[in-house]
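Chemist: Below: one structure in structure tokens.
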Amino acid sequence: MKVNVHAVNFTVDRKLVDFVQVRMDKLEKYYDKVVSSDVFMKVEKTSDKENKIVEVKINVPGDDFLVKKQCKTFEEAIDLSAESLERLLVKRKEKVRSHI
């Protein structure tokens, strides 16, 4: 799967990009028709500790899924986003399978 990582208001290091790639690649075992994904990582300038925002957009034929999470670390936000996307993709797969 093609994963595009976009960092807003900061520069992203290689380790975080690799983490995102590995986590997004795992989603393909839930629904193998995923075309690509866009991962937007933002740092909000607030005094709140949970200022890391991750938005993940997954493109599948005929649909797009968007998940947004806000956490203390990018890794935690990416994990939570991936878990939500797993549920969405499984639901999508079952829906497509029931129409056949």
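Each chain in the structure tokens gets a letter, A, B and so on, in the order shown; residues start at 1 in every chain, and ligands are counted from 1 in the order they appear.
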Residues within 9 Å of A:Val20, please, as an NGL selection string. Count only C-alpha atoms; anything in the same chain fewer than 5 positions from it doesn't count.
Modeler: :A and (3 or 5 or 15 or 25 or 39 or 75 or 78-79)
Chemist: For N, CA, C and O atoms, I'd like the residues from the last selection saved as a compact mmCIF listing (two decimals), in the first residue's frame.
Modeler:
# COMPACT_ATOMS: atom_id res chain seq x y z
N VAL A 3 1.72 4.78 1.21
CA VAL A 3 1.44 5.60 2.39
C VAL A 3 2.12 6.95 2.21
O VAL A 3 3.33 7.03 2.02
N VAL A 5 2.95 10.42 4.08
CA VAL A 5 3.02 11.02 5.40
C VAL A 5 3.21 12.53 5.25
O VAL A 5 4.13 12.97 4.56
N LYS A 15 12.29 7.45 11.85
CA LYS A 15 11.76 6.40 12.71
C LYS A 15 10.22 6.46 12.77
O LYS A 15 9.56 5.43 12.71
N ASP A 25 0.64 -0.89 6.82
CA ASP A 25 0.75 -2.12 6.05
C ASP A 25 -0.03 -3.26 6.70
O ASP A 25 -0.54 -4.15 6.02
N VAL A 39 -1.49 10.13 5.77
CA VAL A 39 -1.39 10.32 7.21
C VAL A 39 -0.94 11.75 7.45
O VAL A 39 0.14 12.16 7.01
N GLU A 75 2.83 8.10 18.19
CA GLU A 75 2.73 6.64 18.13
C GLU A 75 1.40 6.16 18.69
O GLU A 75 0.73 5.30 18.11
N ILE A 78 -1.41 7.08 16.29
CA ILE A 78 -1.39 6.23 15.10
C ILE A 78 -1.96 4.85 15.44
O ILE A 78 -2.73 4.28 14.66
N ASP A 79 -1.59 4.31 16.60
CA ASP A 79 -2.13 3.02 17.02
C ASP A 79 -3.65 3.06 17.17
O ASP A 79 -4.36 2.17 16.70
Chemist: For stretch 51-64 of chain A, please output as a PyMOL selection string all residues within 6 Å (counting only C-alpha atoms; exclusion window: fewer than 3 positions along the same chain).
Modeler: chain A and resi 34-44+67-72
Chemist: Which of stretch 38-100 of chain A end up as strand (DSSP E) when DSSP is run on this backbone - answer as a PyMOL selection string?
Modeler: chain A and resi 38-43+52-60+63-71
Chemist: Would you pick out the contacts of stretch 82-97 of chain A at 9 Å or less, using only C-alpha atoms, so that residues sharing its chain but fewer than 5 positions from it are not included, and give the list as a list of chain:residue names?
Modeler: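 Skipping anything fewer than 5 positions along the chain leaves A:Arg23, A:Met24, A:Lys26, A:Leu27, A:Tyr30, A:Tyr31, A:Val56, A:Ile58, A:Phe65, A:Leu66, A:Val67, A:Ala77.
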Chemist: With N, CA, C and O atoms retained, export the selected residues as a tab-separated table (two decimals), in the first residue's frame.
Modeler:
chain	number	residue	atom	x	y	z
A	23	ARG	N	2.61	0.16	10.48
A	23	ARG	CA	1.26	0.10	11.06
A	23	ARG	C	0.19	0.11	9.96
A	23	ARG	O	-0.81	-0.60	10.05
A	24	MET	N	0.40	0.92	8.92
A	24	MET	CA	-0.57	0.99	7.83
A	24	MET	C	-0.54	-0.28	6.98
A	24	MET	O	-1.57	-0.72	6.48
A	26	LYS	N	-0.14	-3.24	8.03
A	26	LYS	CA	-0.88	-4.28	8.74
A	26	LYS	C	-2.37	-4.22	8.43
A	26	LYS	O	-3.07	-5.22	8.57
A	27	LEU	N	-2.87	-3.06	7.98
A	27	LEU	CA	-4.29	-2.93	7.68
A	27	LEU	C	-4.69	-3.75	6.46
A	27	LEU	O	-5.86	-4.09	6.31
A	30	TYR	N	-6.76	-6.96	6.80
A	30	TYR	CA	-8.18	-6.87	7.11
A	30	TYR	C	-9.01	-6.62	5.85
A	30	TYR	O	-10.16	-7.04	5.77
A	31	TYR	N	-8.44	-5.90	4.89
A	31	TYR	CA	-9.14	-5.61	3.63
A	31	TYR	C	-8.07	-5.36	2.58
A	31	TYR	O	-7.35	-4.37	2.64
A	56	VAL	N	-5.88	10.05	9.55
A	56	VAL	CA	-5.55	9.03	8.57
A	56	VAL	C	-6.71	8.89	7.60
A	56	VAL	O	-7.86	8.69	8.02
A	58	ILE	N	-7.91	6.67	4.37
A	58	ILE	CA	-7.67	5.44	3.62
A	58	ILE	C	-8.56	5.45	2.38
A	58	ILE	O	-9.75	5.71	2.48
A	65	PHE	N	-12.15	6.42	3.96
A	65	PHE	CA	-12.36	6.41	5.40
A	65	PHE	C	-11.42	7.42	6.04
A	65	PHE	O	-10.24	7.45	5.72
A	66	LEU	N	-11.94	8.25	6.95
A	66	LEU	CA	-11.14	9.25	7.63
A	66	LEU	C	-11.28	9.06	9.13
A	66	LEU	O	-12.39	9.02	9.65
A	67	VAL	N	-10.12	8.95	9.80
A	67	VAL	CA	-10.10	8.78	11.26
A	67	VAL	C	-9.18	9.85	11.82
A	67	VAL	O	-8.09	10.08	11.30
A	77	ALA	N	-1.38	7.90	18.96
A	77	ALA	CA	-2.46	8.35	18.09
A	77	ALA	C	-2.54	7.48	16.83
A	77	ALA	O	-3.64	7.15	16.37
Chemist: Would you work out the distance separating atom CA of A:Phe10 from atom CA of A:Glu28, expressed in Å to one decimal?
Modeler: 28.6 Å
Chemist: What residues in chain A get the DSSP label alpha helix (DSSP H)? Please answer as a PyMOL selection string.
Modeler: chain A and resi 14-25+74-98
Chemist: Just how far from atom CA of A:Asn4 is atom CA of A:Leu16, in Å to one decimal?
Modeler: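 Spanning atom CA of A:Leu16 to atom CA of A:Asn4 is a straight-line distance of 12.6 Å.
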Chemist: Work out how far apart atom CA of A:Asp32 and atom CA of A:His99 are and give it in Å to one decimal.
Modeler: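 Separation between atom CA of A:Asp32 and atom CA of A:His99: 17.2 Å.
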